[in-house]
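S.K.: Contents of entry_22.pdb (PDB, C-alpha atoms) are below:
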ATOM      1  CA  MET F1476      26.686 -23.043  -9.610
ATOM      2  CA  LYS F1477      23.848 -24.218  -7.382
ATOM      3  CA  THR F1478      21.716 -27.188  -8.258
ATOM      4  CA  ASP F1479      18.001 -26.619  -8.803
ATOM      5  CA  LEU F1480      17.262 -28.344  -5.506
ATOM      6  CA  GLN F1481      19.738 -26.164  -3.579
ATOM      7  CA  LEU F1482      18.356 -23.003  -5.178
ATOM      8  CA  GLN F1483      14.808 -24.063  -4.292
ATOM      9  CA  GLN F1484      15.834 -24.771  -0.691
ATOM     10  CA  ASP F1485      17.673 -21.444  -0.409
ATOM     11  CA  VAL F1486      14.646 -19.497  -1.662
ATOM     12  CA  LEU F1487      12.348 -21.396   0.717
ATOM     13  CA  ALA F1488      14.713 -20.622   3.600
ATOM     14  CA  GLU F1489      14.790 -16.934   2.657
ATOM     15  CA  LEU F1490      10.982 -16.837   2.534
ATOM     16  CA  HIS F1491      10.826 -18.408   6.001
ATOM     17  CA  TRP F1492      13.261 -15.775   7.319
ATOM     18  CA  GLU F1493      11.176 -12.896   5.915
ATOM     19  CA  PRO F1494       8.825 -11.907   8.767
ATOM     20  CA  SER F1495       6.259 -10.246   6.482
ATOM     21  CA  VAL F1496       5.711 -13.448   4.458
ATOM     22  CA  HIS F1497       3.686 -16.536   5.380
ATOM     23  CA  ALA F1498       5.964 -18.932   3.512
ATOM     24  CA  GLU F1499       3.676 -21.919   4.009
ATOM     25  CA  ASN F1500       1.318 -20.412   1.406
ATOM     26  CA  ILE F1501       4.019 -20.111  -1.261
ATOM     27  CA  GLY F1502       5.476 -22.899  -3.357
ATOM     28  CA  VAL F1503       8.895 -22.628  -4.977
ATOM     29  CA  GLU F1504      10.236 -24.306  -8.101
ATOM     30  CA  ALA F1505      13.698 -23.793  -9.589
ATOM     31  CA  LYS F1506      15.091 -24.750 -12.992
ATOM     32  CA  ASP F1507      18.369 -23.464 -14.427
ATOM     33  CA  GLY F1508      18.362 -20.346 -12.241
ATOM     34  CA  VAL F1509      14.729 -19.490 -12.978
ATOM     35  CA  VAL F1510      12.645 -19.510  -9.816
ATOM     36  CA  THR F1511       8.849 -19.693  -9.845
ATOM     37  CA  LEU F1512       6.852 -18.557  -6.833
ATOM     38  CA  ALA F1513       3.257 -19.793  -6.746
ATOM     39  CA  GLY F1514       0.435 -19.744  -4.239
ATOM     40  CA  HIS F1515      -1.682 -17.124  -2.560
ATOM     41  CA  VAL F1516      -1.140 -14.371  -0.014
ATOM     42  CA  MET F1517      -3.488 -12.113   1.944
ATOM     43  CA  THR F1518      -2.030  -8.727   0.876
ATOM     44  CA  TYR F1519      -0.082  -7.145  -1.946
ATOM     45  CA  GLN F1520       2.601  -6.199   0.582
ATOM     46  CA  GLU F1521       3.189  -9.880   1.336
ATOM     47  CA  LYS F1522       3.509 -10.664  -2.385
ATOM     48  CA  TYR F1523       5.949  -7.776  -2.819
ATOM     49  CA  HIS F1524       8.108  -8.917   0.093
ATOM     50  CA  ALA F1525       8.113 -12.527  -1.154
ATOM     51  CA  GLU F1526       9.428 -11.332  -4.509
ATOM     52  CA  LYS F1527      12.112  -9.233  -2.817
ATOM     53  CA  ALA F1528      13.157 -12.156  -0.626
ATOM     54  CA  ALA F1529      13.515 -14.477  -3.616
ATOM     55  CA  ARG F1530      15.602 -11.898  -5.507
ATOM     56  CA  ARG F1531      18.026 -11.700  -2.564
ATOM     57  CA  VAL F1532      19.067 -15.333  -3.020
ATOM     58  CA  VAL F1533      22.342 -15.811  -4.852
ATOM     59  CA  GLY F1534      21.815 -17.858  -7.994
ATOM     60  CA  VAL F1535      18.341 -16.558  -8.862
ATOM     61  CA  ARG F1536      18.742 -15.354 -12.441
ATOM     62  CA  ALA F1537      15.060 -14.851 -13.266
ATOM     63  CA  LEU F1538      11.860 -14.829 -11.277
ATOM     64  CA  ALA F1539       8.370 -15.894 -12.351
ATOM     65  CA  VAL F1540       5.674 -14.789  -9.928
ATOM     66  CA  GLU F1541       2.401 -16.699  -9.968
ATOM     67  CA  ILE F1542       1.198 -15.539  -6.569
ATOM     68  CA  ASP F1543      -2.435 -14.473  -6.239
ATOM     69  CA  VAL F1544      -3.509 -11.825  -3.764
ATOM     70  CA  LYS F1545      -6.632 -13.052  -1.968
ATOM     71  CA  LEU F1546      -7.730 -10.230   0.280
ATOM     72  CA  ALA F1547      -9.587 -11.019   3.471
ATOM     73  CA  SER F1548     -13.172  -9.757   3.394
ATOM     74  CA  SER F1549     -12.201  -6.977   5.809
ATOM     75  CA  GLY F1550      -9.490  -5.793   3.374
ATOM     76  CA  ILE F1551     -11.659  -5.517   0.278
ATOM     77  CA  ARG F1552     -12.304  -1.939  -0.821
ATOM     78  CA  ASN F1553     -13.790  -0.489  -3.966
ATOM     79  CA  ASP F1554     -11.588   1.226  -6.531
ATOM     80  CA  SER F1555     -12.902   4.683  -5.667
ATOM     81  CA  ASP F1556     -11.888   4.287  -2.008
ATOM     82  CA  ILE F1557      -8.447   3.031  -3.008
ATOM     83  CA  ALA F1558      -7.995   5.932  -5.467
ATOM     84  CA  ASN F1559      -8.916   8.472  -2.782
ATOM     85  CA  SER F1560      -6.512   6.853  -0.314
ATOM     86  CA  ALA F1561      -3.739   6.822  -2.927
ATOM     87  CA  LYS F1562      -4.313  10.492  -3.735
ATOM     88  CA  ASN F1563      -4.155  11.354  -0.036
ATOM     89  CA  ALA F1564      -1.050   9.237   0.513
ATOM     90  CA  LEU F1565       0.739  11.077  -2.301
ATOM     91  CA  GLN F1566      -0.351  14.444  -0.860
ATOM     92  CA  TRP F1567       0.835  13.530   2.640
ATOM     93  CA  MET F1568       4.351  12.507   1.590
ATOM     94  CA  SER F1569       7.228  14.452   3.136
ATOM     95  CA  THR F1570       7.957  15.646  -0.410
ATOM     96  CA  PRO F1571       4.420  16.065  -1.772
ATOM     97  CA  LEU F1572       4.123  15.340  -5.455
ATOM     98  CA  GLY F1573       0.982  17.434  -5.828
ATOM     99  CA  ASN F1574      -0.350  17.106  -9.333
ATOM    100  CA  LYS F1575       2.860  15.620 -10.778
ATOM    101  CA  VAL F1576       1.536  12.080 -10.256
ATOM    102  CA  ASN F1577      -1.838  10.655 -11.237
ATOM    103  CA  VAL F1578      -3.282   7.338 -10.131
ATOM    104  CA  THR F1579      -5.734   5.013 -11.798
ATOM    105  CA  VAL F1580      -7.244   2.078  -9.941
ATOM    106  CA  GLU F1581      -8.766  -0.933 -11.654
ATOM    107  CA  LYS F1582      -9.811  -4.009  -9.688
ATOM    108  CA  GLY F1583      -7.538  -2.960  -6.835
ATOM    109  CA  TRP F1584      -4.497  -2.453  -9.082
ATOM    110  CA  ILE F1585      -2.943   1.025  -8.840
ATOM    111  CA  THR F1586      -1.222   2.504 -11.885
ATOM    112  CA  SER F1587       0.814   5.648 -11.189
ATOM    113  CA  THR F1588       1.632   7.956 -14.094
ATOM    114  CA  GLY F1589       3.145  11.398 -14.445
ATOM    115  CA  GLN F1590       6.594  12.886 -14.218
ATOM    116  CA  THR F1591       8.974  13.643 -11.369
ATOM    117  CA  GLU F1592      12.350  15.343 -11.310
ATOM    118  CA  TRP F1593      14.159  12.720  -9.249
ATOM    119  CA  GLN F1594      14.283   8.929  -9.009
ATOM    120  CA  PHE F1595      13.717   9.032  -5.232
ATOM    121  CA  GLN F1596      10.370  10.760  -5.856
ATOM    122  CA  LYS F1597       9.304   8.029  -8.280
ATOM    123  CA  LEU F1598      10.243   5.314  -5.779
ATOM    124  CA  ALA F1599       8.609   7.165  -2.886
ATOM    125  CA  ALA F1600       5.343   7.420  -4.837
ATOM    126  CA  ALA F1601       5.291   3.621  -5.256
ATOM    127  CA  VAL F1602       6.005   3.067  -1.574
ATOM    128  CA  ALA F1603       3.297   5.557  -0.565
ATOM    129  CA  VAL F1604       0.561   3.509  -2.248
ATOM    130  CA  ARG F1605       1.951  -0.039  -1.943
ATOM    131  CA  TYR F1606       0.821  -0.522   1.642
ATOM    132  CA  LEU F1607      -2.738   0.795   1.322
ATOM    133  CA  MET F1608      -5.503  -1.579   2.346
ATOM    134  CA  GLY F1609      -7.241  -3.280  -0.566
ATOM    135  CA  VAL F1610      -4.402  -2.923  -3.079
ATOM    136  CA  ASN F1611      -3.819  -5.938  -5.345
ATOM    137  CA  GLY F1612      -0.798  -4.540  -7.169
ATOM    138  CA  VAL F1613       1.100  -1.429  -8.223
ATOM    139  CA  SER F1614       2.432  -0.395 -11.632
ATOM    140  CA  ASN F1615       4.780   2.563 -11.329
ATOM    141  CA  GLN F1616       4.821   4.168 -14.785
ATOM    142  CA  ILE F1617       6.124   7.540 -13.601
ATOM    143  CA  ILE F1618       8.831   8.951 -15.849
ATOM    144  CA  LEU F1619      11.751  11.186 -14.934
TER     145      LEU F1619
END
Give the structure from the file, written as structure tokens.

M.R.:
Amino acid sequence: MKTDLQLQQDVLAELHWEPSVHAENIGVEAKDGVVTLAGHVMTYQEKYHAEKAARRVVGVRALAVEIDVKLASSGIRNDSDIANSAKNALQWMSTPLGNKVNVTVEKGWITSTGQTEWQFQKLAAAVAVRYLMGVNGVSNQIIL
């Protein structure tokens, strides 16, 4: 079993290897296999990729994410604009979900609801909206 210090160093190294993450803005603590990521990032995508990178490290048994998304002024959009972009992104998918998925946006956070037939459709819906400008987070509550 890794020591807390080794786990912390391994997570930091993984964050530095992830090209979509500015690791210098993220602090890492580890205690008994529980890793805490804290700091701030410029986009939700960066936060998402930091979480994924930390989960890849062997020995991480639980992850606490205390990362704030602080959008640059050029990335700030109102909820209506984000909702319209999300709706369009879902319509433009290679497997359009049409009216099977609904989105709600509150303070930049997208919540997807509805029902799909397949797991890949649920995952694709989350990916379609995750990378939109102005998004602070995504909750995928689509059921199968």

S.K.: Considering all atoms listed in the file, can you say which of F:Val1576, F:Met1568, F:Ile1585, F:Val1503 comes closest to Ala1599 of chain F?

M.R.: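 Among the listed residues, F:Met1568 lies closest to Ala1599 of chain F.
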
S.K.: I'd like the contact shell of segment 1559-1567 of chain F - 12 Å cut-off, all atoms listed in the file, skipping same-chain residues fewer than 3 positions apart - returned as a PyMOL selection string.

M.R.: chain F and resi 1552-1556+1570-1580+1583-1587+1596-1610+1613

S.K.: Please, what distance in Å, to one decimal, runs between atom CA of Val1509 of chain F and atom CA of Val1544 of chain F?

M.R.: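 Calculated distance between atom CA of Val1509 of chain F and atom CA of Val1544 of chain F is 21.8 Å.
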
S.K.: Which is closest to Glu1489 of chain F among F:Met1476, F:Glu1504, F:Ala1513, F:His1524, if we use only C-alpha atoms?

M.R.: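 Among the listed residues, the smallest separation from Glu1489 of chain F belongs to F:His1524.
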
S.K.: Record the distance separating atom CA of Val1540 of chain F and atom CA of Asp1507 of chain F, expressed in Å with one decimal.

M.R.: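 Value for the atom CA of Val1540 of chain F-atom CA of Asp1507 of chain F distance: 16.0 Å.
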
S.K.: With the file shown as input, list the residues that the PyMOL selection byres ((chain F and resi 1506) around 10) selects, as JSON, numbers by chain.

M.R.: {"F": [1478, 1479, 1480, 1482, 1483, 1504, 1505, 1507, 1508, 1509, 1510, 1511, 1535, 1537]}

S.K.: One decimal, in Å: what's the spacing between atom CA of Ala1558 of chain F and atom CA of Gly1514 of chain F?

M.R.: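 Computing the Euclidean distance for atom CA of Ala1558 of chain F and atom CA of Gly1514 of chain F yields 27.1 Å.
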
S.K.: Given the choices F:Ser1548, F:Glu1493, F:Ile1557, F:Lys1477, which gets closest to Glu1526 of chain F if the distance is worked out from only C-alpha atoms?

M.R.: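 Under the stated criterion, the closest residue is F:Glu1493.
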
S.K.: Using only C-alpha atoms, find the one residue out of F:Gln1481, F:Gln1590, F:Gln1616, F:Asn1611 that sits nearest to Ile1551 of chain F.

M.R.: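 Closest candidate: F:Asn1611.
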
S.K.: Could you check which of F:Ala1547, F:Ile1542, F:Glu1521, F:Trp1593 is closest to Pro1494 of chain F, using only C-alpha atoms?

M.R.: F:Glu1521

S.K.: Would you list the contacts of Val1486 of chain F as a PyMOL selection string, taking every protein, DNA or RNA residue within 8 Å and counting only C-alpha atoms, but skipping same-chain residues closer than 5 positions in sequence?

M.R.: chain F and resi 1503+1528-1529+1532

S.K.: Run through the PyMOL selection byres ((chain F and resi 1618) around 9) on the given coordinates and return the selected residues as a ChimeraX atom specification.

M.R.: /F:1588-1592,1594,1597,1615-1617,1619

S.K.: Taking the file as I've supplied it (selection: the PyMOL selection byres ((chain F and resi 1495) around 10)), which residues are included? Please answer as a list in words.

M.R.: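 So the PyMOL selection byres ((chain F and resi 1495) around 10), applied here, picks out Leu1490, His1491, Trp1492, Glu1493, Pro1494, Val1496, His1497, Ala1498, Gln1520, Glu1521, Lys1522, Tyr1523, His1524 and Ala1525 of chain F.
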